[in-house]
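Colleague: Below is a structure I'd like to ask you about.
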Protein chains: 2
Amino acid sequence: MGADLPTSSDDLRGAEASSHRRLWRSEEPLSLALGGELPVLEVAYETWGELAPDGSNAVLVCHALTGDSHAARHGDDDAAGWWDGLIGPGSAYGIDTTRWYVVCSNVLGGCRGTTGPASVDPRTGRVYGPDFPVVTIADMVEAQRRLLDGLGVGKLRAVVGGSLGGHQAMTWAITHPGRVERCVGIATSPRMSAQALAFDVVARNAIQSDPAFASGRYEAGGGPENGLAIARMVGHITYLSPESMDAKFDPDRHEPRDIRTAFEKKFSVGSYLAHQGQKFTQRFDANSYAAITVAMDLFDLGRTEAERRAKLEPATCHWLFASFSTDWLFRPAQSRQIVDTLTRLGRPVTYTEITSDAGHDGFLLDAEIAVYGPLVNAFLREPRAEGVEPLRDADRRLLEMIPRDASVLDLGCGDGRLLLELGRRNPDRTLAGVEVGQRLLFEAVEHGVDVVDHDLNLGLPGYADGQYDVVVLNVTLQAVRNTRQLLAEMTRVGRRVLLSFANFAFRELRDDFLRNGRSPLSKSGGGAYDHHWADTPNRRFPSIRDVEELLAEMGIRVHRALYLDTTRGVDVAATDDPNLNADTAILEISRR
Amino acid sequence: MGADLPTSSDDLRGAEASSHRRLWRSEEPLSLALGGELPVLEVAYETWGELAPDGSNAVLVCHALTGDSHAARHGDDDAAGWWDGLIGPGSAYGIDTTRWYVVCSNVLGGCRGTTGPASVDPRTGRVYGPDFPVVTIADMVEAQRRLLDGLGVGKLRAVVGGSLGGHQAMTWAITHPGRVERCVGIATSPRMSAQALAFDVVARNAIQSDPAFASGRYEAGGGPENGLAIARMVGHITYLSPESMDAKFDPDRHEPRDIRTAFEKKFSVGSYLAHQGQKFTQRFDANSYAAITVAMDLFDLGRTEAERRAKLEPATCHWLFASFSTDWLFRPAQSRQIVDTLTRLGRPVTYTEITSDAGHDGFLLDAEIAVYGPLVNAFLREPRAEGVEPLRDADRRLLEMIPRDASVLDLGCGDGRLLLELGRRNPDRTLAGVEVGQRLLFEAVEHGVDVVDHDLNLGLPGYADGQYDVVVLNVTLQAVRNTRQLLAEMTRVGRRVLLSFANFAFRELRDDFLRNGRSPLSKSGGGAYDHHWADTPNRRFPSIRDVEELLAEMGIRVHRALYLDTTRGVDVAATDDPNLNADTAILEISRR
């Protein structure tokens, strides 16, 4: 039954205080962003690995809503950490603690060792309770900064966080641009969606309308247990996906576990929620829950592109974002908003949406960490050059058409081989890729290339007019549905576009079709038409003439045309019927 | 700000008791499905229109969770009803009250006039409160049946309901098959998803853990106002879609309305929820809310296909279902489960998923009613024959290949013209269509043809092996991505398949391509290839030879092949190179 099944990874969030937990204390008052100050700051933290003598290997890990400093176990006999799958010794981990010095601290306003509403106000000698001032994500980051200063950590190779941890990571990048080299946000957002915010409001209302809340002045160990449990139940539902809930609770819907509870236990999911809600009240403080959720709800990188741009502009680091397809609390489209803004700012950013049934909880689950962990691992270290697919002749010809200093966006960039070669020729220029295939995208990141996971059929809304000197579409035109839209978008975003495509009217294909009356198969044109008709990923079968006519019709100008017969390794002159004699065309085009 | 914006249609659900409300009373004890009985039954109801002398025009409307008998206004000066957009005088309404005699009653267990927990138990002289027995949807239907008997209504032309109202409508069809001709379920489900159930559990926990609940023995007018308000807040979020919440509350997120409330009013969505929550407590009884949600949560047509089949088997009516694309409380896939089961049972059923941003609330909103209202209107009355596209010659040839008594499934049936002609030739046989285009599907329903909204790229999971004598795929093969899967699925579901398709290797296209080196355009083959290469909905360009080779490879047997040159109106002999000389092929095929 539900409560016995593998439950939400959230169970891990409540791991008991590890013996490796340390306390850092500062008597310097902390002024808070929204007013008020804390005369004394205590921060509970843990570290893994060793700080390099040159201080170059520090990684700050930021926890989510109800997490704590115990991100990972410190040894086999240590209690489980909430990100054990990601953080550990050896290259099998996303964050290898033999290489990186990892720091994780409980957030300001928390109740797992760091100063929060359940702490004693030294000015009064009483617990802060409802008098704890409103803290923001910026205040949490300031507390972390002081801790890092205290630990002698200067630069951060990376700040890494999921969900609310992502909010902290981004705030680090914005407020300390000189200190953060890389920023990783997993399942995060520019601000809470109205729906997610609404659930937080309901959760706080449940806490605060519980008479035992007593305006926040409840006794330690007491408090609004019903309200906090209900808040937790709401939260739990939002962490899971509808798919994972059905899988977990539907087969035995009417067989709840008979737990001791005053809450309803009619259905399997009911006894599970009762169990989770009650358990949570034993390890979390209600005022702290309210304080942290308010900080999260106030976090705001802006609703509009312009607002986000202004907020993110100061950040100069290198970015990685990952989202989960079934996450409805921090939706992929929200990660995408951040990515689009950074893209328009010309900042290096990689993004992937991971297909998963796990919902928001995905960022904490081993199955999902097995997918995104290697990406984080690759993103933190130096790129690998091996394993790159060799360039084809037509690719080399295309590369020759790109000026040495040009910024380049490669649409459908595959494993990044074109961009990698461009980067070799001039490491200082701006290069970016788009790729919808996850395996290829991950390979590109291994090679140190920045790629955004995006379906070209949706156009290029994330890119600004004339943002790149050159946009490349290389043997991809035939697989795109919205042909006209993509041509319009490419020539909007690129001052020049290099359009390399296979010619379906190439002599070999034409002859084959004429003679055999079958959809032809051919290795010509980069293998674009080397697919059985019933299985091909292609949607379009254009000839050179088809494409050139369409460009003319759309008012797109062709500056240069290269026609190649790659099957014989020769150029085809424009006067020698390239529509018959070339298997590949490379057109340099622009909007006008 | 939020609370001033157009809010959820749910505001309408609480319309004050209309002067048209009537009370029907029965002293005959009502035995309940799960035990216990009610010695006296009172049912609040309203009616619209006149019952025809032959009793043939009665339509029962069933309300959702917090609705009541006031489904529509009875005149311009009457209070607004919750389904005013659907029910009214004239053919502009989905349910035309000049034609139909409409009855709507408050559900058993409700608090809007019908016997429920807030009623007085005549045996004790006290309010039932927590002693009100558990009622089910079947009990609600039994109360409605008694009312209809009392009103002299025998047969029902239709039972119509959305959400929980759909549960009642389906239960009517199952328990009174001889009485229900048609059943309409809008935004409904075979049972609550685990997620939806979980939200109901949280809502009841909020009510029942409120100390003012007092184990359900609160005073009339008092009660667990905080808990009920929180339950309502949770409900409200689930009725809206993330998209509609962002649109409503995000532009002015930080500008809440300053309402009188003890609940949080920090954010625009917060003051909205506080307002809705508080308002609700003034018109709804907490015990009733718990009772009705439990009835909804216990409603269960089964988790598996086999379970649903057993439950739905007794129902013999004609079915219509509609869902909304962004409804995450009653997901389209859940409507689809019911539709698939009915399909496998061979029952006449039409289904459409309506694209909408409104979420579950869509079934109550005028914008969405404007879309599905005409469908309901068409479904209730006799079909129209006019406006059907004329048959092409190739269609007539295909029709001739279908035995007079054969059951037929037409995949990609368009406006239903083939099925309509088959029905004319023999009205007693089983006919069904599949169409993903909403406009075409609606036209088919106008013509009295049953069509299911389904993407053929997903295969035919809703259909049983050998379910139809003949499955037809008429000029659609070229638009399908998963060609092999669809061929396998069609020959699984149909004992015979008639595959009519355009030949891409037809002389005219081949010549055109050879001569011009352009993707050819042609009106041959039913116009399948009459699309510009950059805009075509087609994904495949097979020749007769391509298709026949693929069928052979898949072990699919061709029993008969008809090759047509429709451009000249002649048959092409198999010996006369049909791959060159025919623009259309009709193959009769089967699995072996």
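Ordered as shown in the structure tokens, chains take letters A, B, and onward, while each chain numbers its residues from 1 and ligands are numbered from 1 in the order shown.
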Write out as a PDB file with N, CA and C atoms, in the first residue's frame the residues lying within 8 Å of Arg429 in chain A, counting only C-alpha atoms and excluding same-chain residues fewer than 6 positions away.
Modeller:
ATOM      1  N   ASP A 405      35.739  35.932 -36.862  1.00  0.00           N
ATOM      2  CA  ASP A 405      35.243  36.536 -35.628  1.00  0.00           C
ATOM      3  C   ASP A 405      33.732  36.431 -35.458  1.00  0.00           C
ATOM      4  N   ALA A 406      33.079  35.832 -36.423  1.00  0.00           N
ATOM      5  CA  ALA A 406      31.612  35.815 -36.385  1.00  0.00           C
ATOM      6  C   ALA A 406      31.085  35.023 -35.192  1.00  0.00           C
ATOM      7  N   SER A 407      30.048  35.568 -34.588  1.00  0.00           N
ATOM      8  CA  SER A 407      29.298  34.784 -33.609  1.00  0.00           C
ATOM      9  C   SER A 407      28.372  33.849 -34.389  1.00  0.00           C
ATOM     10  N   GLY A 423      35.312  26.941 -32.510  1.00  0.00           N
ATOM     11  CA  GLY A 423      35.945  27.366 -31.263  1.00  0.00           C
ATOM     12  C   GLY A 423      37.447  27.137 -31.288  1.00  0.00           C
TER      13      GLY A 423
END
Colleague: Neighbours of Asp246 in chain B within 12 Å (only C-alpha atoms; same-chain residues fewer than 2 positions away dropped), as a compact mmCIF listing (two decimals) with N, CA and C atoms, in the first residue's frame?
Modeller:
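And here's selection08.txt as it stands now:
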# COMPACT_ATOMS: atom_id res chain seq x y z
N ARG A 191 10.39 32.92 -11.13
CA ARG A 191 9.57 33.21 -9.96
C ARG A 191 8.48 32.17 -9.93
N MET A 192 7.82 32.06 -8.80
CA MET A 192 6.79 31.04 -8.67
C MET A 192 5.67 31.32 -9.66
N SER A 193 5.13 30.27 -10.26
CA SER A 193 3.93 30.46 -11.08
C SER A 193 2.79 30.86 -10.15
N ALA A 194 1.75 31.47 -10.71
CA ALA A 194 0.60 31.85 -9.89
C ALA A 194 0.03 30.63 -9.18
N GLN A 195 0.04 29.50 -9.86
CA GLN A 195 -0.50 28.28 -9.26
C GLN A 195 0.36 27.82 -8.07
N ALA A 196 1.68 27.80 -8.27
CA ALA A 196 2.58 27.37 -7.19
C ALA A 196 2.49 28.32 -6.01
N LEU A 197 2.41 29.61 -6.32
CA LEU A 197 2.25 30.62 -5.27
C LEU A 197 0.95 30.38 -4.50
N ALA A 198 -0.10 30.06 -5.22
CA ALA A 198 -1.40 29.83 -4.58
C ALA A 198 -1.32 28.65 -3.61
N ARG A 303 8.52 39.12 -14.47
CA ARG A 303 7.48 38.45 -15.24
C ARG A 303 7.75 38.57 -16.73
N GLN A 334 9.23 27.52 -17.47
CA GLN A 334 9.80 28.56 -16.61
C GLN A 334 11.32 28.57 -16.66
N GLY B 2 -6.63 40.70 -8.78
CA GLY B 2 -7.27 39.39 -8.93
C GLY B 2 -8.75 39.36 -8.63
N ILE B 237 -7.98 26.21 -6.85
CA ILE B 237 -6.75 26.08 -7.64
C ILE B 237 -6.89 24.95 -8.64
N LEU B 240 -8.85 25.71 -11.92
CA LEU B 240 -8.21 26.58 -12.92
C LEU B 240 -7.01 25.87 -13.53
N SER B 241 -6.58 26.34 -14.66
CA SER B 241 -5.35 25.80 -15.26
C SER B 241 -4.18 26.70 -14.87
N PRO B 242 -2.97 26.18 -14.92
CA PRO B 242 -1.80 27.05 -14.68
C PRO B 242 -1.83 28.27 -15.61
N GLU B 243 -2.24 28.02 -16.86
CA GLU B 243 -2.27 29.11 -17.84
C GLU B 243 -3.28 30.19 -17.41
N SER B 244 -4.47 29.77 -17.00
CA SER B 244 -5.48 30.77 -16.66
C SER B 244 -5.10 31.49 -15.36
N LYS B 248 -4.57 35.48 -14.96
CA LYS B 248 -5.42 36.20 -14.02
C LYS B 248 -4.63 36.93 -12.94
N PHE B 249 -3.59 36.29 -12.44
CA PHE B 249 -2.97 36.79 -11.21
C PHE B 249 -1.52 37.24 -11.36
N ASP B 250 -0.93 37.01 -12.50
CA ASP B 250 0.49 37.29 -12.58
C ASP B 250 0.82 38.75 -12.93
N PRO B 251 0.03 39.36 -13.78
CA PRO B 251 0.39 40.75 -14.12
C PRO B 251 0.40 41.66 -12.88
N ASP B 252 -0.46 41.41 -11.92
CA ASP B 252 -0.51 42.27 -10.72
C ASP B 252 -0.25 41.47 -9.46
N ARG B 253 0.67 40.54 -9.57
CA ARG B 253 0.95 39.63 -8.46
C ARG B 253 1.08 40.32 -7.10
N SER B 268 -1.81 38.96 -4.97
CA SER B 268 -3.09 39.08 -5.65
C SER B 268 -3.86 37.76 -5.60
N VAL B 269 -3.18 36.67 -5.85
CA VAL B 269 -3.86 35.38 -5.82
C VAL B 269 -4.28 35.03 -4.39
N ASP B 357 -7.68 27.07 -22.59
CA ASP B 357 -6.79 27.42 -21.47
C ASP B 357 -7.51 27.40 -20.14
N ALA B 358 -8.77 27.05 -20.13
CA ALA B 358 -9.60 27.30 -18.94
C ALA B 358 -9.49 26.24 -17.86
Colleague: Nearest residue to Phe199 in chain B out of A:Thr238, A:Ser56, A:Ser163, A:Thr171, using only C-alpha atoms?
Modeller: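 Between A:Thr238, A:Ser56, A:Ser163, A:Thr171, the residue approaching Phe199 in chain B most closely is A:Thr238.
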Colleague: Which residues are near range 536-551 of chain B? Cut-off 7 Å, only C-alpha atoms, ignore same chain within fewer than 2 positions. Put them as an NGL selection string.
Modeller: (:A and (517-519 or 533-534 or 539)) or (:B and (478-481 or 503-505 or 531-534 or 553-556 or 579 or 585))
Colleague: Show me, as a PyMOL selection string, the residues that have an atom within 9 Å of Leu418 in chain A when counting only C-alpha atoms, minus same-chain residues fewer than 4 positions from it.
Modeller: chain A and resi 391+395-396+399+410+413-414+422-423
Colleague: Could you save those same residues with C-alpha atoms as an mmCIF file, in the first residue's frame?
Modeller:
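File produced: selection_16.cif:
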data_model
loop_
_atom_site.group_PDB
_atom_site.id
_atom_site.type_symbol
_atom_site.label_atom_id
_atom_site.label_comp_id
_atom_site.auth_asym_id
_atom_site.auth_seq_id
_atom_site.Cartn_x
_atom_site.Cartn_y
_atom_site.Cartn_z
ATOM 1 C CA LEU A 391 33.638 16.674 -40.269
ATOM 2 C CA ASP A 395 30.900 20.767 -43.385
ATOM 3 C CA ARG A 396 34.411 22.019 -44.122
ATOM 4 C CA LEU A 399 33.050 26.386 -42.134
ATOM 5 C CA ASP A 410 24.117 26.253 -35.047
ATOM 6 C CA CYS A 413 24.048 21.147 -33.888
ATOM 7 C CA GLY A 414 24.194 17.448 -33.028
ATOM 8 C CA LEU A 422 34.864 27.010 -34.889
ATOM 9 C CA GLY A 423 35.945 27.366 -31.263
#
Colleague: Which one is closest to Thr293 in chain A: A:Leu65, A:Leu409, A:Ala92, A:Ala52? Count only C-alpha atoms.
Modeller: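 Of A:Leu65, A:Leu409, A:Ala92, A:Ala52, the one nearest Thr293 in chain A is A:Leu65, counting only C-alpha atoms.
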Colleague: Counting only C-alpha atoms, which residues of range 154-256 of chain A fall within 12 Å of range 69-75 of chain A, and what is the closest atom pair for each with its distance in Å at one decimal, ordered by chain and rising number, as JSON lines?
Modeller:
{"residue": "A:Val160", "atom": "CA", "partner": "A:Ala71", "partner_atom": "CA", "distance": 11.5}
{"residue": "A:Gly161", "atom": "CA", "partner": "A:Ala71", "partner_atom": "CA", "distance": 10.8}
{"residue": "A:Gly162", "atom": "CA", "partner": "A:Ala71", "partner_atom": "CA", "distance": 11.8}
{"residue": "A:Gly165", "atom": "CA", "partner": "A:Ala71", "partner_atom": "CA", "distance": 11.7}
Colleague: Go ahead and save the residues from that selection, with N, CA, C and O atoms, as a PDB file, in the first residue's frame.
Modeller:
ATOM      1  N   VAL A 160      25.375  25.375  -7.134  1.00  0.00           N
ATOM      2  CA  VAL A 160      24.459  24.372  -7.669  1.00  0.00           C
ATOM      3  C   VAL A 160      23.242  24.262  -6.766  1.00  0.00           C
ATOM      4  O   VAL A 160      23.386  24.133  -5.543  1.00  0.00           O
ATOM      5  N   GLY A 161      22.047  24.320  -7.343  1.00  0.00           N
ATOM      6  CA  GLY A 161      20.854  24.138  -6.525  1.00  0.00           C
ATOM      7  C   GLY A 161      19.654  23.717  -7.346  1.00  0.00           C
ATOM      8  O   GLY A 161      19.572  24.021  -8.539  1.00  0.00           O
ATOM      9  N   GLY A 162      18.737  23.034  -6.683  1.00  0.00           N
ATOM     10  CA  GLY A 162      17.489  22.634  -7.326  1.00  0.00           C
ATOM     11  C   GLY A 162      16.339  23.345  -6.664  1.00  0.00           C
ATOM     12  O   GLY A 162      16.376  23.637  -5.466  1.00  0.00           O
ATOM     13  N   GLY A 165      16.724  25.971  -4.178  1.00  0.00           N
ATOM     14  CA  GLY A 165      18.183  26.017  -4.257  1.00  0.00           C
ATOM     15  C   GLY A 165      18.653  26.687  -5.539  1.00  0.00           C
ATOM     16  O   GLY A 165      19.683  27.372  -5.569  1.00  0.00           O
TER      17      GLY A 165
END
Colleague: Would you mind listing what lies within 12 Å of Arg25 in chain B as a list in words, with only C-alpha atoms counted and same-chain residues fewer than 2 positions away left out?
Modeller: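 Answer for this query is Arg22, Leu23, Glu27, Glu28, Pro29, Leu30, Pro39, Val40, Leu41, Glu42, Val43, Ala44, Tyr45, Gly113, Thr114, Thr115, Ala143, Gln144, Arg146, Leu147, Leu148, Asp149, Gly150 and Leu151 of chain B.
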Colleague: Report as a JSON list (two decimals) with N, CA and C atoms, in the first residue's frame all protein, DNA and RNA residues lying within 10 Å of Arg204 in chain B, evaluated on only C-alpha atoms, omitting residues in the same chain fewer than 4 positions from it.
Modeller:
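Final output, saved to selection25.json:
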[["chain", "number", "residue", "atom", "x", "y", "z"],
["A", 263, "PHE", "N", -6.08, 12.07, 11.06],
["A", 263, "PHE", "CA", -6.46, 12.48, 9.70],
["A", 263, "PHE", "C", -7.18, 11.34, 8.99],
["A", 264, "GLU", "N", -7.84, 11.71, 7.92],
["A", 264, "GLU", "CA", -8.56, 10.70, 7.14],
["A", 264, "GLU", "C", -7.59, 9.66, 6.59],
["B", 198, "ALA", "N", -6.30, 12.97, -3.82],
["B", 198, "ALA", "CA", -5.43, 13.51, -2.76],
["B", 198, "ALA", "C", -5.87, 14.92, -2.38],
["B", 199, "PHE", "N", -6.21, 15.74, -3.36],
["B", 199, "PHE", "CA", -6.67, 17.09, -3.02],
["B", 199, "PHE", "C", -7.98, 17.04, -2.22],
["B", 200, "ASP", "N", -8.85, 16.11, -2.56],
["B", 200, "ASP", "CA", -10.09, 15.97, -1.77],
["B", 200, "ASP", "C", -9.78, 15.56, -0.34],
["B", 208, "GLN", "N", -12.00, 18.83, 8.81],
["B", 208, "GLN", "CA", -12.22, 17.99, 9.99],
["B", 208, "GLN", "C", -11.20, 18.24, 11.10],
["B", 209, "SER", "N", -10.06, 18.85, 10.75],
["B", 209, "SER", "CA", -9.09, 19.15, 11.81],
["B", 209, "SER", "C", -9.30, 20.56, 12.37],
["B", 210, "ASP", "N", -10.23, 21.29, 11.79],
["B", 210, "ASP", "CA", -10.60, 22.59, 12.37],
["B", 210, "ASP", "C", -11.37, 22.32, 13.67],
["B", 227, "GLY", "N", -11.50, 25.84, 8.08],
["B", 227, "GLY", "CA", -11.22, 24.60, 7.36],
["B", 227, "GLY", "C", -11.97, 24.54, 6.04],
["B", 228, "LEU", "N", -13.24, 24.96, 6.07],
["B", 228, "LEU", "CA", -14.02, 24.93, 4.83],
["B", 228, "LEU", "C", -13.46, 25.91, 3.81],
["B", 230, "ILE", "N", -10.36, 26.83, 3.55],
["B", 230, "ILE", "CA", -9.12, 26.27, 3.01],
["B", 230, "ILE", "C", -9.42, 25.16, 2.01],
["B", 231, "ALA", "N", -10.44, 24.35, 2.33],
["B", 231, "ALA", "CA", -10.86, 23.32, 1.38],
["B", 231, "ALA", "C", -11.25, 23.98, 0.05],
["B", 286, "ALA", "N", -20.26, 22.41, 5.79],
["B", 286, "ALA", "CA", -19.01, 21.64, 5.81],
["B", 286, "ALA", "C", -19.27, 20.14, 5.74],
["B", 287, "ASN", "N", -20.25, 19.65, 6.50],
["B", 287, "ASN", "CA", -20.55, 18.21, 6.43],
["B", 287, "ASN", "C", -21.01, 17.80, 5.03],
["B", 289, "TYR", "N", -20.12, 19.29, 2.25],
["B", 289, "TYR", "CA", -18.94, 19.30, 1.37],
["B", 289, "TYR", "C", -18.18, 17.97, 1.50],
["B", 290, "ALA", "N", -18.01, 17.54, 2.75],
["B", 290, "ALA", "CA", -17.31, 16.28, 2.97],
["B", 290, "ALA", "C", -18.10, 15.12, 2.37],
["B", 291, "ALA", "N", -19.43, 15.13, 2.56],
["B", 291, "ALA", "CA", -20.25, 14.02, 2.07],
["B", 291, "ALA", "C", -20.20, 13.92, 0.55],
["B", 293, "THR", "N", -17.91, 15.14, -1.54],
["B", 293, "THR", "CA", -16.58, 14.77, -2.06],
["B", 293, "THR", "C", -16.30, 13.28, -1.82],
["B", 294, "VAL", "N", -16.78, 12.76, -0.70],
["B", 294, "VAL", "CA", -16.59, 11.32, -0.48],
["B", 294, "VAL", "C", -17.35, 10.52, -1.54]]
Colleague: I want to know what sits within 12 Å of Ala306 in chain A, based on only C-alpha atoms, with residues of the same chain fewer than 6 positions away left out; could you give that as a PyMOL selection string?
Modeller: chain A and resi 312-313+337-338+340-342+344-345
Colleague: When DSSP is applied to the backbone of this structure, which of range 394-578 of chain A are assigned alpha helix (DSSP H)? Write them out as JSON, numbers by chain.
Modeller: {"A": [394, 395, 396, 397, 398, 399, 400, 417, 418, 419, 420, 421, 422, 423, 424, 425, 438, 439, 440, 441, 442, 443, 444, 445, 446, 483, 484, 485, 486, 487, 488, 489, 490, 491, 492, 493, 507, 508, 509, 510, 511, 512, 513, 514, 515, 516, 544, 545, 546, 547, 548, 549, 550, 551, 552, 553, 578]}
Colleague: Out of A:Asp297, A:Glu307, A:Asp327, A:Glu142, which residue has the shortest atom-to-atom distance to chain B when counting only C-alpha atoms?
Modeller: A:Asp297
Colleague: CA of Leu498 in chain A and CA of Gln438 in chain A are how many Å apart?
Modeller: 24.2 Å
Colleague: If I take CA of Val376 in chain A and CA of Asp68 in chain A, how far is one from the other in Å, to one decimal?
Modeller: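 About the pair CA of Val376 in chain A and CA of Asp68 in chain A: they are 20.9 Å apart.
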Colleague: Out of range 95-225 of chain B, which residues get strand (DSSP E or B) from DSSP, as a list in words?
Modeller: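 Reading the DSSP output for range 95-225 of chain B, strand (DSSP E or B) covers Ile95, Asp96, Tyr101, Val102, Val103, Cys104, Ser105, Val120, Asp121, Arg126, Val127, Leu156, Arg157, Ala158, Val159, Val160, Gly161, Gly162, Val180, Glu181, Arg182, Cys183, Val184, Gly185, Ile186 and Arg191 of chain B.
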Colleague: Would you please work out which residue, of B:Gln168, B:Asn581, B:Asn106, B:Thr343, is nearest to chain A when using only C-alpha atoms?
Modeller: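 Nearest to chain A: B:Asn581.
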